[in-house]
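Read the structure below first, then the notes.
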Amino acid sequence: MHKCLSAEFYRCRRSLLFWLMLLASVLSGVFYGIVSMSGSFDDMFVVPLFVILAVFVSLNTGREYTDNTIRNKIITGASKTTVLLSKLATGIGIGVLFSAAFLIPCAIILSVDVLSKIPVSVLCRTLIGFVLLSVVWAVLFTVISMLISAKGLGGIINFVLIIAVMFLSYQLEFIIGQPEFITNMEASQVLMTPEEVRQIQEGTYEGSYSYITDDNGQVTYYKDVVSNAEQTPNPKYLKSSLRNILTHLDSMLPHGQINEYVSCLTDSVYTDWQVGDASEKEPIDAYPRLKTFPLYSCLDILLLSGVGLILFRKKEIR
Amino acid sequence: MNYVLQTNSLTKRYKHFKALNGLTMNVPKGSIYGFVGKNGAGKTTLIRLICGLQEPTSGDFTLYGIRNDSKDIRKSRRRMGAVVETAAIYMDMTAEENLKYQYLLMGIPSYHGIPELLKLVGLENTGKKKAGNFSLGMKQRLGIAVALAGDPDFLVLDEPVNGLDPQGIVEIRELILKLNREQQITILISSHILDELSRLATHYGIIDSGRMVKEISAEELEAACRKCTRMEVSDTAVLARILDSMNVEYKIISDNIADVFSKVNITQLSAALAKENCEVLSMQEKDESLESYYISLVGGADHA
């Protein structure tokens, strides 16, 4: 297998597409760093990296079928298992490299203002988790591209998968995130006291309020006062068995993990975590799933590789 | 005789279509084996099976004595090179880079054989030109160079002159002959261009509808195709005596049929036979080329 790997890495170094996509990863990282400077991390702006991975893997692997060079590997005595494993290893290497190319400039841009506010444990977990996610995507794209001989079709499927996984994870989180009880409230608006108005102006008021500006420019503030709050069971709340299954499924989806990571990062920037104080929680305790995400990613990699191996060995190469 | 490749009732089915139907063939070591058949006869399918790209539905083959279902078959494949249908080369790499890639794939530690290989196929001056900008003939030659990386002693070429201009055809032919004569490489060439094969092959395998119709050596084919007059007489013993007295070369086919190879005075022969009460029933000239021999084997009524 090392012969196939040497040949693959040689080809990557010679490939203009590889260098272009690497550059695109760097630029995506720069862009993500800039948009995240407020400290609010958004999962949408990570998607370009996965699109770059899909483009490179689809074109690079699809080319093997277009140029028929996949035949050479088998004619020289490599088994189909070896061919696929070498492709997967290359995909893993590409996933790590492109994610590093994305993260490094991003980290440089955010290092002073934002990253310094995030606990090191959160940063390390997020970095490792993000790299593993990139690897999961790279393995998935490699398997799809190796099984589908048509270069263009493989690329389209890979791109559609990114979108589909993203929407699936949003849906799952919406379903899982339903509260057990919903509160039916009756509320009325009451004129705010001068002290409360001062708090609004200082930005320290906690609670909901509204205001009206009259023709003279005079602003009058009202606060919402709940007169009657009744908690009823939420019909959309899932039973524990189904909830567990969907939670596991969401954890296995790359985008499901991304959402948790960026939420944790954002919370870490805006929350004053007291590390070492037993009365305060560690950031990771507020996001317990983060501890298991690397395992789910490894499981994804193993499953995808296993399925890919079984199907590719049966594939007839023309 | 030592055989590099032997197939035994090899069958390959694609859903409802049988591309190979019990094919049995033997490729002698050191030969140039011309694998002849019309489009869709099963030539490329056989090549795909022996290269390991696909698995046979039934039957087996041996490569250097190793069966296809043995784990050691991959070691045997390392002794072969192949160009299947089109040249398998990376269009975005130069000729040298393609060969370096192949060398890495085969685990050859040093690149020092590459300039010689490029010179052998006539691509030593391509420089930094990408393979995608090569002519068809150049791509074919690069494909052969890639197949030759690793010094194989069995080369499989699937219709190597397809789409080439006359000069390209001559160049490929001369390369193939050189490889066989100078490096004793056994070569299996599949083609439907009979005239080209007749200039190359030492052995022929004629395939039709997935079956081997006939395997024949070049010498046997020449003998079968030799120009002669086929005579049907009432008694070939009498004919033989008379032809011997006339010093004419002949071959007795049966009690009534003989092939006469030399030019003979028909009037004198007929008179001599009549004297011995031997009747001449029919007489026809036979002049078979490989083409007519092939047509006679696989059937050519719709070509008449």
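Chain lettering (A, B, ...) mirrors the order of the structure tokens, residue numbering begins at 1 for each chain separately, and ligand numbering begins at 1 in order of display.
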
If you run DSSP on the backbone here, which positions in segment 96-283 of chain A get alpha helix (DSSP H)? Please write them as a PyMOL selection string.
chain A and resi 96-110+120-147+151-176+194-202+240-252+254-270+283

Using only C-alpha atoms and a distance of at most 6 Å, pull out the residues of chain A that contact chain B, as a PDB file with C-alpha atoms, in the first residue's frame.
ATOM      1  CA  LYS A   3       3.695   2.213  -3.102  1.00  0.00           C
ATOM      2  CA  CYS A   4       0.181   3.374  -3.980  1.00  0.00           C
ATOM      3  CA  ALA A   7       2.363   7.537  -6.079  1.00  0.00           C
ATOM      4  CA  ASP A  67      -8.092   8.840 -17.749  1.00  0.00           C
ATOM      5  CA  ASN A  68      -8.537   5.096 -16.991  1.00  0.00           C
ATOM      6  CA  THR A  69      -5.477   5.206 -14.759  1.00  0.00           C
ATOM      7  CA  ILE A  75      -2.781  -4.377 -13.517  1.00  0.00           C
ATOM      8  CA  THR A  76       0.436  -3.804 -11.548  1.00  0.00           C
ATOM      9  CA  GLY A  77      -0.809  -6.270  -8.947  1.00  0.00           C
ATOM     10  CA  GLU A 316     -16.329  -4.109 -12.127  1.00  0.00           C
ATOM     11  CA  ILE A 317     -13.785  -1.797 -13.675  1.00  0.00           C
TER      12      ILE A 317
END

Do a neighbour search on segment 198-204 of chain B at 6 Å with only C-alpha atoms, toss out local chain neighbours closer than 2 positions, and write the hits as a list in words.
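Within the cut-off, the hits are Ser31, Ile32, Tyr33, Gly34, Phe35, Asp195, Glu196, Glu215, Ile216, Ser217 and Ala218 of chain B.
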
Selection above as a file: N, CA and C atoms, as a CSV table (one decimal), in the first residue's frame:
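Written out: again34.csv:
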chain,number,residue,atom,x,y,z
B,31,SER,N,5.9,-15.6,-27.9
B,31,SER,CA,5.2,-15.4,-29.2
B,31,SER,C,4.6,-14.0,-29.3
B,32,ILE,N,4.2,-13.6,-30.5
B,32,ILE,CA,3.3,-12.5,-30.6
B,32,ILE,C,1.9,-13.1,-31.0
B,33,TYR,N,1.0,-13.1,-30.1
B,33,TYR,CA,-0.3,-13.8,-30.2
B,33,TYR,C,-1.3,-12.8,-30.7
B,34,GLY,N,-1.7,-13.0,-31.9
B,34,GLY,CA,-2.8,-12.1,-32.5
B,34,GLY,C,-4.1,-12.6,-32.2
B,35,PHE,N,-4.9,-11.8,-31.4
B,35,PHE,CA,-6.2,-12.2,-31.0
B,35,PHE,C,-7.2,-11.5,-31.9
B,195,ASP,N,-4.9,-7.3,-41.7
B,195,ASP,CA,-3.7,-7.1,-42.5
B,195,ASP,C,-2.5,-6.7,-41.5
B,196,GLU,N,-2.8,-5.9,-40.5
B,196,GLU,CA,-1.8,-5.5,-39.6
B,196,GLU,C,-1.3,-6.6,-38.8
B,215,GLU,N,-7.3,-21.8,-32.9
B,215,GLU,CA,-6.0,-21.3,-32.6
B,215,GLU,C,-5.0,-21.9,-33.6
B,216,ILE,N,-4.2,-21.1,-34.2
B,216,ILE,CA,-3.3,-21.6,-35.2
B,216,ILE,C,-2.0,-20.8,-35.2
B,217,SER,N,-0.9,-21.5,-35.6
B,217,SER,CA,0.4,-20.8,-35.6
B,217,SER,C,0.5,-20.1,-37.0
B,218,ALA,N,1.4,-19.2,-37.1
B,218,ALA,CA,1.6,-18.5,-38.4
B,218,ALA,C,2.0,-19.4,-39.5

Please build the interface table for segment 142-186 of chain A against segment 224-238 of chain A with a cut-off of 6 Å, listing for each qualifying residue the nearest atom pair and the distance in Å to one decimal; count only C-alpha atoms, order rows by chain and increasing number, and write it as CSV.
residue,atom,partner,partner_atom,distance
A:Gln178,CA,A:Tyr237,CA,5.5
A:Glu180,CA,A:Tyr237,CA,5.4
A:Phe181,CA,A:Pro233,CA,4.4
A:Ile182,CA,A:Thr232,CA,5.4
A:Thr183,CA,A:Gln231,CA,4.3
A:Asn184,CA,A:Glu230,CA,5.1
A:Met185,CA,A:Ala229,CA,4.3
A:Glu186,CA,A:Asn228,CA,5.0

List as a list in words the protein and nucleic acid residues near Glu116 of chain B, meaning an atom at most 12 Å away when only C-alpha atoms are counted, but skip any in the same chain fewer than 4 places from it.
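That gives Glu96, Leu99, Tyr111, His112, Leu120, Val121, Gly122, Leu123, Glu124, Asn125, Ala145, Leu148, Ala149 and Asp151 of chain B.
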